[in-house]
file my_file.txt (compact mmCIF, C-alpha atoms)
# COMPACT_ATOMS: atom_id res chain seq x y z
CA MET U 26 16.03 -4.10 -0.60
CA SER U 27 12.54 -2.69 -0.62
CA LEU U 28 9.29 -4.48 0.21
CA THR U 29 5.64 -3.56 0.00
CA PHE U 30 3.14 -5.58 2.03
CA THR U 31 -0.46 -5.38 0.81
CA ALA U 32 -3.55 -7.51 0.12
CA GLU U 33 -3.48 -10.17 -2.56
CA TYR U 34 -4.39 -8.79 -5.97
CA ARG U 35 -7.95 -8.86 -7.16
CA GLY U 36 -9.00 -7.65 -10.58
CA ALA U 37 -10.34 -4.14 -10.92
CA VAL U 38 -14.09 -3.60 -10.95
CA ALA U 39 -13.74 -0.27 -12.76
CA TYR U 40 -11.10 2.21 -13.89
CA VAL U 41 -10.63 5.92 -13.28
CA VAL U 42 -8.51 8.79 -14.51
CA THR U 43 -6.48 10.16 -11.62
CA CYS U 44 -3.52 12.30 -10.64
CA GLY U 45 -2.82 9.81 -7.85
CA CYS U 46 -4.57 11.73 -5.09
CA GLY U 47 -6.90 9.53 -3.00
CA PRO U 48 -9.80 12.00 -2.78
CA ALA U 49 -9.66 12.72 -6.53
CA THR U 50 -9.54 8.98 -7.28
CA ASP U 51 -12.56 8.39 -5.04
CA ARG U 52 -14.62 11.05 -6.85
CA ALA U 53 -13.49 10.24 -10.42
CA PRO U 54 -15.99 8.91 -12.98
CA ARG U 55 -15.77 5.13 -13.51
CA TYR U 56 -14.90 3.52 -16.84
CA GLY U 57 -15.64 -0.06 -17.79
CA SER U 58 -12.21 -0.81 -19.25
CA TYR U 59 -8.60 0.21 -18.80
CA ASP U 60 -8.44 1.27 -22.46
CA ASP U 61 -11.38 3.66 -22.05
CA ALA U 62 -9.81 5.23 -18.94
CA ALA U 63 -6.38 5.46 -20.61
CA ALA U 64 -7.92 7.19 -23.65
CA ALA U 65 -9.71 9.66 -21.37
CA ALA U 66 -6.47 10.33 -19.45
CA GLN U 67 -4.61 10.99 -22.69
CA GLU U 68 -7.38 13.26 -23.97
CA THR U 69 -7.48 15.24 -20.70
CA SER U 70 -3.68 15.42 -20.44
CA GLY U 71 -3.49 16.63 -24.03
CA ALA U 72 -5.46 19.77 -23.14
CA HIS U 73 -3.35 22.94 -23.03
CA ALA U 74 -4.21 23.69 -19.44
CA ARG U 75 -6.43 21.63 -17.26
CA ALA U 76 -8.22 22.35 -14.04
CA PRO U 77 -7.50 20.38 -10.87
CA LEU U 78 -9.44 17.16 -10.62
CA PRO U 79 -12.55 17.40 -8.42
CA GLY U 80 -11.66 16.66 -4.81
CA CYS U 81 -7.88 16.77 -5.34
CA GLY U 82 -6.02 17.41 -2.10
CA MET U 83 -3.42 19.54 -3.90
CA PRO U 84 -5.44 21.71 -6.30
CA GLY U 85 -2.55 24.13 -6.89
CA GLU U 86 -0.24 21.35 -8.05
CA CYS U 87 -2.74 18.96 -9.61
CA PRO U 88 -2.69 20.51 -13.12
CA GLN U 89 1.06 19.84 -13.37
CA TYR U 90 0.75 16.14 -12.48
CA PRO U 91 0.29 13.63 -15.31
CA LEU U 92 -3.01 11.81 -15.38
CA TYR U 93 -3.19 8.06 -15.70
CA ALA U 94 -5.69 5.21 -15.67
CA GLU U 95 -5.94 3.29 -12.41
CA GLY U 96 -7.95 0.22 -11.53
CA ILE U 97 -10.41 0.29 -8.64
CA ASP U 98 -10.12 -2.69 -6.32
CA PRO U 99 -13.41 -4.42 -5.44
CA ASP U 100 -12.76 -3.69 -1.73
CA GLY U 101 -11.89 0.00 -2.21
CA ALA U 102 -8.61 1.50 -1.03
CA VAL U 103 -6.20 -1.32 -0.21
CA PRO U 104 -3.66 -0.60 2.56
CA GLU U 105 0.06 -0.90 1.88
CA VAL U 106 3.06 -0.99 4.21
CA GLY U 107 6.41 -0.11 2.67
CA VAL U 108 9.77 -0.94 4.25
CA HIS U 109 13.28 -0.46 2.93
CA GLY U 110 16.85 -1.57 3.43
CA ASP U 111 17.88 -3.29 6.64
CA ASN U 112 14.41 -2.71 8.09
CA ALA U 113 12.88 -4.84 5.30
CA ARG U 114 15.34 -7.68 5.91
CA CYS U 115 14.86 -7.44 9.67
CA LEU U 116 11.06 -7.53 9.39
CA LEU U 117 11.20 -10.67 7.25
CA VAL U 118 13.37 -12.35 9.88
CA LEU U 119 11.15 -11.16 12.75
CA LEU U 120 8.14 -12.59 10.93
CA GLY U 121 9.92 -15.85 10.12
CA LEU U 122 9.61 -15.14 6.39
CA SER U 123 13.28 -15.03 5.44
CA GLY U 124 13.04 -17.84 2.89
CA PRO U 125 12.88 -17.02 -0.84
CA ASP U 126 9.68 -19.01 -1.33
CA HIS U 127 7.46 -16.72 0.74
CA HIS U 128 5.42 -14.06 -1.08
CA GLY U 129 1.99 -14.50 0.43
CA SER U 130 0.24 -15.79 3.52
CA PRO U 131 -3.35 -16.27 4.67
CA ALA U 132 -4.37 -13.25 6.75
CA GLY U 133 -4.85 -15.25 9.98
CA ALA U 134 -1.45 -16.93 9.72
CA PHE U 135 0.23 -13.61 8.93
CA LEU U 136 -1.52 -11.96 11.87
CA GLY U 137 -0.17 -14.73 14.11
CA ARG U 138 3.37 -14.04 12.88
CA VAL U 139 2.94 -10.31 13.55
CA LEU U 140 1.58 -10.89 17.06
CA THR U 141 4.44 -13.27 17.84
CA ALA U 142 7.01 -10.75 16.57
CA LEU U 143 5.42 -7.99 18.65
CA ALA U 144 5.45 -10.17 21.76
CA LEU U 145 9.10 -11.15 21.30
CA MET U 146 10.42 -7.73 20.27
CA PRO U 147 12.48 -6.24 23.12
CA GLY U 148 11.96 -2.69 24.29
CA THR U 149 8.92 -1.85 22.18
CA GLY U 150 6.72 1.02 23.12
CA SER U 151 9.26 3.27 24.76
CA ALA U 152 12.52 2.50 22.94
CA PRO U 153 13.85 5.44 20.94
CA GLU U 154 14.76 4.92 17.32
CA THR U 155 18.39 4.25 16.55
CA PRO U 156 19.82 7.36 14.90
CA GLY U 157 21.53 7.21 11.53
CA PRO U 158 21.53 4.21 9.21
CA GLY U 159 21.04 1.59 11.97
CA LEU U 160 17.87 -0.31 12.67
CA GLY U 161 15.35 1.54 14.80
CA VAL U 162 13.43 -0.61 17.26
CA GLY U 163 10.71 2.04 17.44
CA HIS U 164 10.46 2.15 13.64
CA LEU U 165 10.23 -1.64 13.40
CA HIS U 166 7.58 -1.67 16.13
CA ARG U 167 5.50 0.88 14.18
CA ARG U 168 5.83 -1.17 10.97
CA LEU U 169 4.70 -4.29 12.88
CA LEU U 170 1.66 -2.35 14.11
CA ASP U 171 0.99 -1.28 10.50
CA LEU U 172 1.29 -4.93 9.42
CA HIS U 173 -1.14 -5.87 12.21
CA ASP U 174 -3.69 -3.41 10.76
CA LEU U 175 -3.05 -4.74 7.25
CA ALA U 176 -3.56 -8.36 8.36
CA GLN U 177 -6.84 -7.43 10.08
CA TRP U 178 -8.03 -5.58 6.95
CA CYS U 179 -7.16 -8.61 4.82
CA ALA U 180 -8.99 -10.95 7.23
CA ARG U 181 -12.12 -8.74 7.11
CA HIS U 182 -12.06 -8.84 3.30
CA GLY U 183 -11.18 -12.53 2.90
CA ARG U 184 -7.80 -11.87 1.33
CA ALA U 185 -4.28 -13.12 1.87
CA VAL U 186 -1.40 -10.77 2.71
CA SER U 187 1.18 -10.52 -0.07
CA TRP U 188 4.55 -8.85 -0.37
CA GLY U 189 7.29 -8.30 -2.86
call {"tool": "encode", "arguments": {"input": "my_file.txt", "output": "structure tokens"}}
result
Amino acid sequence: MSLTFTAEYRGAVAYVVTCGCGPATDRAPRYGSYDDAAAAAQETSGAHARAPLPGCGMPGECPQYPLYAEGIDPDGAVPEVGVHGDNARCLLVLLGLSGPDHHGSPAGAFLGRVLTALALMPGTGSAPETPGPGLGVGHLHRRLLDLHDLAQWCARHGRAVSWG
């Protein structure tokens, strides 16, 4: 099982051509439609050799990465928290979200769940991670702190927290 927690989707306000690098995406020219950005990505990718995108954090590797069109969220870069395997299942239980009907929550309610889970989690702060494939209390504590930051970001931007 794999889960990604993020802000509820909002339609893009513009589109860019990117290699996936945050700084390159931030500096990329804006297009008014996905089709325009996709055509520009295809045109640029079709070039024999291309230069790194302006601002790319990996200029040596950038020319080998495929370019694609990406939508720009109205609130800028949206945070994401990814969890996998037993940690994903455990986080859902800790947050009281183990039912199949949960895929979104108002930011304030989600923040309350995170704060409750943090308060009830034993040994947080100094507990070492469990080695191997077991659940790591320290890892789960860090993911809860990441979810806390996500919930606060969502609250500041008037958005629900979603996951799937």
call {"tool": "residues_near_point", "arguments": {"input": "my_file.txt", "point": "(-12.2, 4.4, -15.9)", "cutoff": "10 Å", "atoms": "all atoms listed in the file", "output": "PyMOL selection string"}}
result
chain U and resi 38-43+53-66+93-97
call {"tool": "closest_residue", "arguments": {"input": "my_file.txt", "among": "U:Gln67, U:Thr50, U:Gln89, U:Ser27", "to": "Arg114 (chain U)", "atoms": "all atoms listed in the file"}}
result
U:Ser27
call {"tool": "closest_residue", "arguments": {"input": "my_file.txt", "among": "U:Asp98, U:Cys81, U:Gly47, U:Val118", "to": "Glu33 (chain U)", "atoms": "all atoms listed in the file"}}
result
U:Asp98
call {"tool": "residues_around", "arguments": {"input": "my_file.txt", "residues": "region 140-146 of chain U", "least_positions_apart": "2", "cutoff": "12 Å", "atoms": "all atoms listed in the file", "output": "ChimeraX atom specification"}}
result
/U:115-122,133-138,148-152,161-174,176-177
call {"tool": "atom_distance", "arguments": {"input": "my_file.txt", "atom1": "CA of Pro131 (chain U)", "atom2": "CA of Arg35 (chain U)"}}
result
14.7 Å
call {"tool": "atom_distance", "arguments": {"input": "my_file.txt", "atom1": "CA of Trp178 (chain U)", "atom2": "CA of Phe30 (chain U)"}}
result
12.2 Å
call {"tool": "residues_around", "arguments": {"input": "my_file.txt", "residues": "Glu105 (chain U)", "least_positions_apart": "3", "cutoff": "8 Å", "atoms": "all atoms listed in the file", "output": "list in words"}}
result
Thr29, Phe30, Thr31, Ala32 and Leu175 of chain U
call {"tool": "decode", "arguments": {"input": "my_file.txt", "residues": "region 116-148 of chain U", "atoms": "N, CA and C atoms", "output": "PDB file, in the first residue's frame"}}
result
ATOM      1  N   LEU U 116      -0.381   4.712   9.831  1.00  0.00           N
ATOM      2  CA  LEU U 116      -0.759   6.126   9.910  1.00  0.00           C
ATOM      3  C   LEU U 116      -2.271   6.311   9.794  1.00  0.00           C
ATOM      4  N   LEU U 117      -2.904   5.555   8.891  1.00  0.00           N
ATOM      5  CA  LEU U 117      -4.358   5.667   8.765  1.00  0.00           C
ATOM      6  C   LEU U 117      -5.046   5.293  10.069  1.00  0.00           C
ATOM      7  N   VAL U 118      -4.560   4.233  10.721  1.00  0.00           N
ATOM      8  CA  VAL U 118      -5.140   3.817  11.997  1.00  0.00           C
ATOM      9  C   VAL U 118      -4.877   4.879  13.064  1.00  0.00           C
ATOM     10  N   LEU U 119      -3.635   5.366  13.147  1.00  0.00           N
ATOM     11  CA  LEU U 119      -3.311   6.399  14.141  1.00  0.00           C
ATOM     12  C   LEU U 119      -4.190   7.642  13.981  1.00  0.00           C
ATOM     13  N   LEU U 120      -4.528   7.954  12.739  1.00  0.00           N
ATOM     14  CA  LEU U 120      -5.337   9.139  12.457  1.00  0.00           C
ATOM     15  C   LEU U 120      -6.839   8.851  12.517  1.00  0.00           C
ATOM     16  N   GLY U 121      -7.190   7.592  12.774  1.00  0.00           N
ATOM     17  CA  GLY U 121      -8.604   7.222  12.808  1.00  0.00           C
ATOM     18  C   GLY U 121      -9.252   7.280  11.447  1.00  0.00           C
ATOM     19  N   LEU U 122      -8.479   6.990  10.405  1.00  0.00           N
ATOM     20  CA  LEU U 122      -8.965   7.072   9.023  1.00  0.00           C
ATOM     21  C   LEU U 122      -8.911   5.713   8.332  1.00  0.00           C
ATOM     22  N   SER U 123      -9.122   4.648   9.075  1.00  0.00           N
ATOM     23  CA  SER U 123      -8.942   3.313   8.510  1.00  0.00           C
ATOM     24  C   SER U 123     -10.103   2.866   7.645  1.00  0.00           C
ATOM     25  N   GLY U 124     -11.220   3.585   7.658  1.00  0.00           N
ATOM     26  CA  GLY U 124     -12.364   3.194   6.845  1.00  0.00           C
ATOM     27  C   GLY U 124     -12.147   3.489   5.379  1.00  0.00           C
ATOM     28  N   PRO U 125     -12.808   2.721   4.490  1.00  0.00           N
ATOM     29  CA  PRO U 125     -12.610   2.900   3.039  1.00  0.00           C
ATOM     30  C   PRO U 125     -13.240   4.171   2.497  1.00  0.00           C
ATOM     31  N   ASP U 126     -14.116   4.823   3.273  1.00  0.00           N
ATOM     32  CA  ASP U 126     -14.819   5.988   2.762  1.00  0.00           C
ATOM     33  C   ASP U 126     -14.078   7.302   2.984  1.00  0.00           C
ATOM     34  N   HIS U 127     -12.913   7.252   3.557  1.00  0.00           N
ATOM     35  CA  HIS U 127     -12.157   8.483   3.832  1.00  0.00           C
ATOM     36  C   HIS U 127     -11.136   8.743   2.729  1.00  0.00           C
ATOM     37  N   HIS U 128     -11.216   9.914   2.102  1.00  0.00           N
ATOM     38  CA  HIS U 128     -10.209  10.315   1.120  1.00  0.00           C
ATOM     39  C   HIS U 128      -9.949  11.812   1.175  1.00  0.00           C
ATOM     40  N   GLY U 129     -10.583  12.482   2.135  1.00  0.00           N
ATOM     41  CA  GLY U 129     -10.382  13.906   2.289  1.00  0.00           C
ATOM     42  C   GLY U 129     -10.941  14.371   3.618  1.00  0.00           C
ATOM     43  N   SER U 130     -10.432  15.484   4.088  1.00  0.00           N
ATOM     44  CA  SER U 130     -10.848  16.005   5.388  1.00  0.00           C
ATOM     45  C   SER U 130     -10.582  17.501   5.429  1.00  0.00           C
ATOM     46  N   PRO U 131     -11.474  18.281   6.022  1.00  0.00           N
ATOM     47  CA  PRO U 131     -11.162  19.702   6.210  1.00  0.00           C
ATOM     48  C   PRO U 131      -9.847  19.842   6.977  1.00  0.00           C
ATOM     49  N   ALA U 132      -9.084  20.857   6.650  1.00  0.00           N
ATOM     50  CA  ALA U 132      -7.744  21.015   7.228  1.00  0.00           C
ATOM     51  C   ALA U 132      -7.767  21.048   8.754  1.00  0.00           C
ATOM     52  N   GLY U 133      -8.722  21.770   9.351  1.00  0.00           N
ATOM     53  CA  GLY U 133      -8.787  21.866  10.808  1.00  0.00           C
ATOM     54  C   GLY U 133      -9.068  20.526  11.465  1.00  0.00           C
ATOM     55  N   ALA U 134      -9.989  19.758  10.888  1.00  0.00           N
ATOM     56  CA  ALA U 134     -10.303  18.432  11.427  1.00  0.00           C
ATOM     57  C   ALA U 134      -9.109  17.501  11.284  1.00  0.00           C
ATOM     58  N   PHE U 135      -8.431  17.571  10.144  1.00  0.00           N
ATOM     59  CA  PHE U 135      -7.260  16.720   9.929  1.00  0.00           C
ATOM     60  C   PHE U 135      -6.149  17.097  10.904  1.00  0.00           C
ATOM     61  N   LEU U 136      -5.939  18.389  11.109  1.00  0.00           N
ATOM     62  CA  LEU U 136      -4.939  18.843  12.069  1.00  0.00           C
ATOM     63  C   LEU U 136      -5.257  18.310  13.466  1.00  0.00           C
ATOM     64  N   GLY U 137      -6.524  18.306  13.847  1.00  0.00           N
ATOM     65  CA  GLY U 137      -6.919  17.748  15.131  1.00  0.00           C
ATOM     66  C   GLY U 137      -6.564  16.274  15.243  1.00  0.00           C
ATOM     67  N   ARG U 138      -6.774  15.514  14.181  1.00  0.00           N
ATOM     68  CA  ARG U 138      -6.420  14.088  14.174  1.00  0.00           C
ATOM     69  C   ARG U 138      -4.911  13.908  14.334  1.00  0.00           C
ATOM     70  N   VAL U 139      -4.137  14.744  13.638  1.00  0.00           N
ATOM     71  CA  VAL U 139      -2.678  14.652  13.716  1.00  0.00           C
ATOM     72  C   VAL U 139      -2.206  14.985  15.128  1.00  0.00           C
ATOM     73  N   LEU U 140      -2.735  16.051  15.716  1.00  0.00           N
ATOM     74  CA  LEU U 140      -2.328  16.434  17.067  1.00  0.00           C
ATOM     75  C   LEU U 140      -2.693  15.357  18.086  1.00  0.00           C
ATOM     76  N   THR U 141      -3.854  14.740  17.909  1.00  0.00           N
ATOM     77  CA  THR U 141      -4.251  13.653  18.807  1.00  0.00           C
ATOM     78  C   THR U 141      -3.301  12.470  18.656  1.00  0.00           C
ATOM     79  N   ALA U 142      -2.986  12.104  17.424  1.00  0.00           N
ATOM     80  CA  ALA U 142      -2.064  10.984  17.188  1.00  0.00           C
ATOM     81  C   ALA U 142      -0.689  11.279  17.778  1.00  0.00           C
ATOM     82  N   LEU U 143      -0.213  12.501  17.628  1.00  0.00           N
ATOM     83  CA  LEU U 143       1.085  12.864  18.207  1.00  0.00           C
ATOM     84  C   LEU U 143       1.053  12.766  19.731  1.00  0.00           C
ATOM     85  N   ALA U 144      -0.038  13.211  20.338  1.00  0.00           N
ATOM     86  CA  ALA U 144      -0.140  13.190  21.790  1.00  0.00           C
ATOM     87  C   ALA U 144      -0.223  11.766  22.335  1.00  0.00           C
ATOM     88  N   LEU U 145      -0.836  10.873  21.575  1.00  0.00           N
ATOM     89  CA  LEU U 145      -1.028   9.498  22.043  1.00  0.00           C
ATOM     90  C   LEU U 145       0.093   8.549  21.646  1.00  0.00           C
ATOM     91  N   MET U 146       0.976   8.989  20.752  1.00  0.00           N
ATOM     92  CA  MET U 146       2.027   8.106  20.258  1.00  0.00           C
ATOM     93  C   MET U 146       3.099   7.921  21.333  1.00  0.00           C
ATOM     94  N   PRO U 147       3.351   6.685  21.741  1.00  0.00           N
ATOM     95  CA  PRO U 147       4.355   6.446  22.785  1.00  0.00           C
ATOM     96  C   PRO U 147       5.779   6.620  22.269  1.00  0.00           C
ATOM     97  N   GLY U 148       6.624   7.127  23.125  1.00  0.00           N
ATOM     98  CA  GLY U 148       8.059   7.160  22.841  1.00  0.00           C
ATOM     99  C   GLY U 148       8.489   8.066  21.725  1.00  0.00           C
TER     100      GLY U 148
END
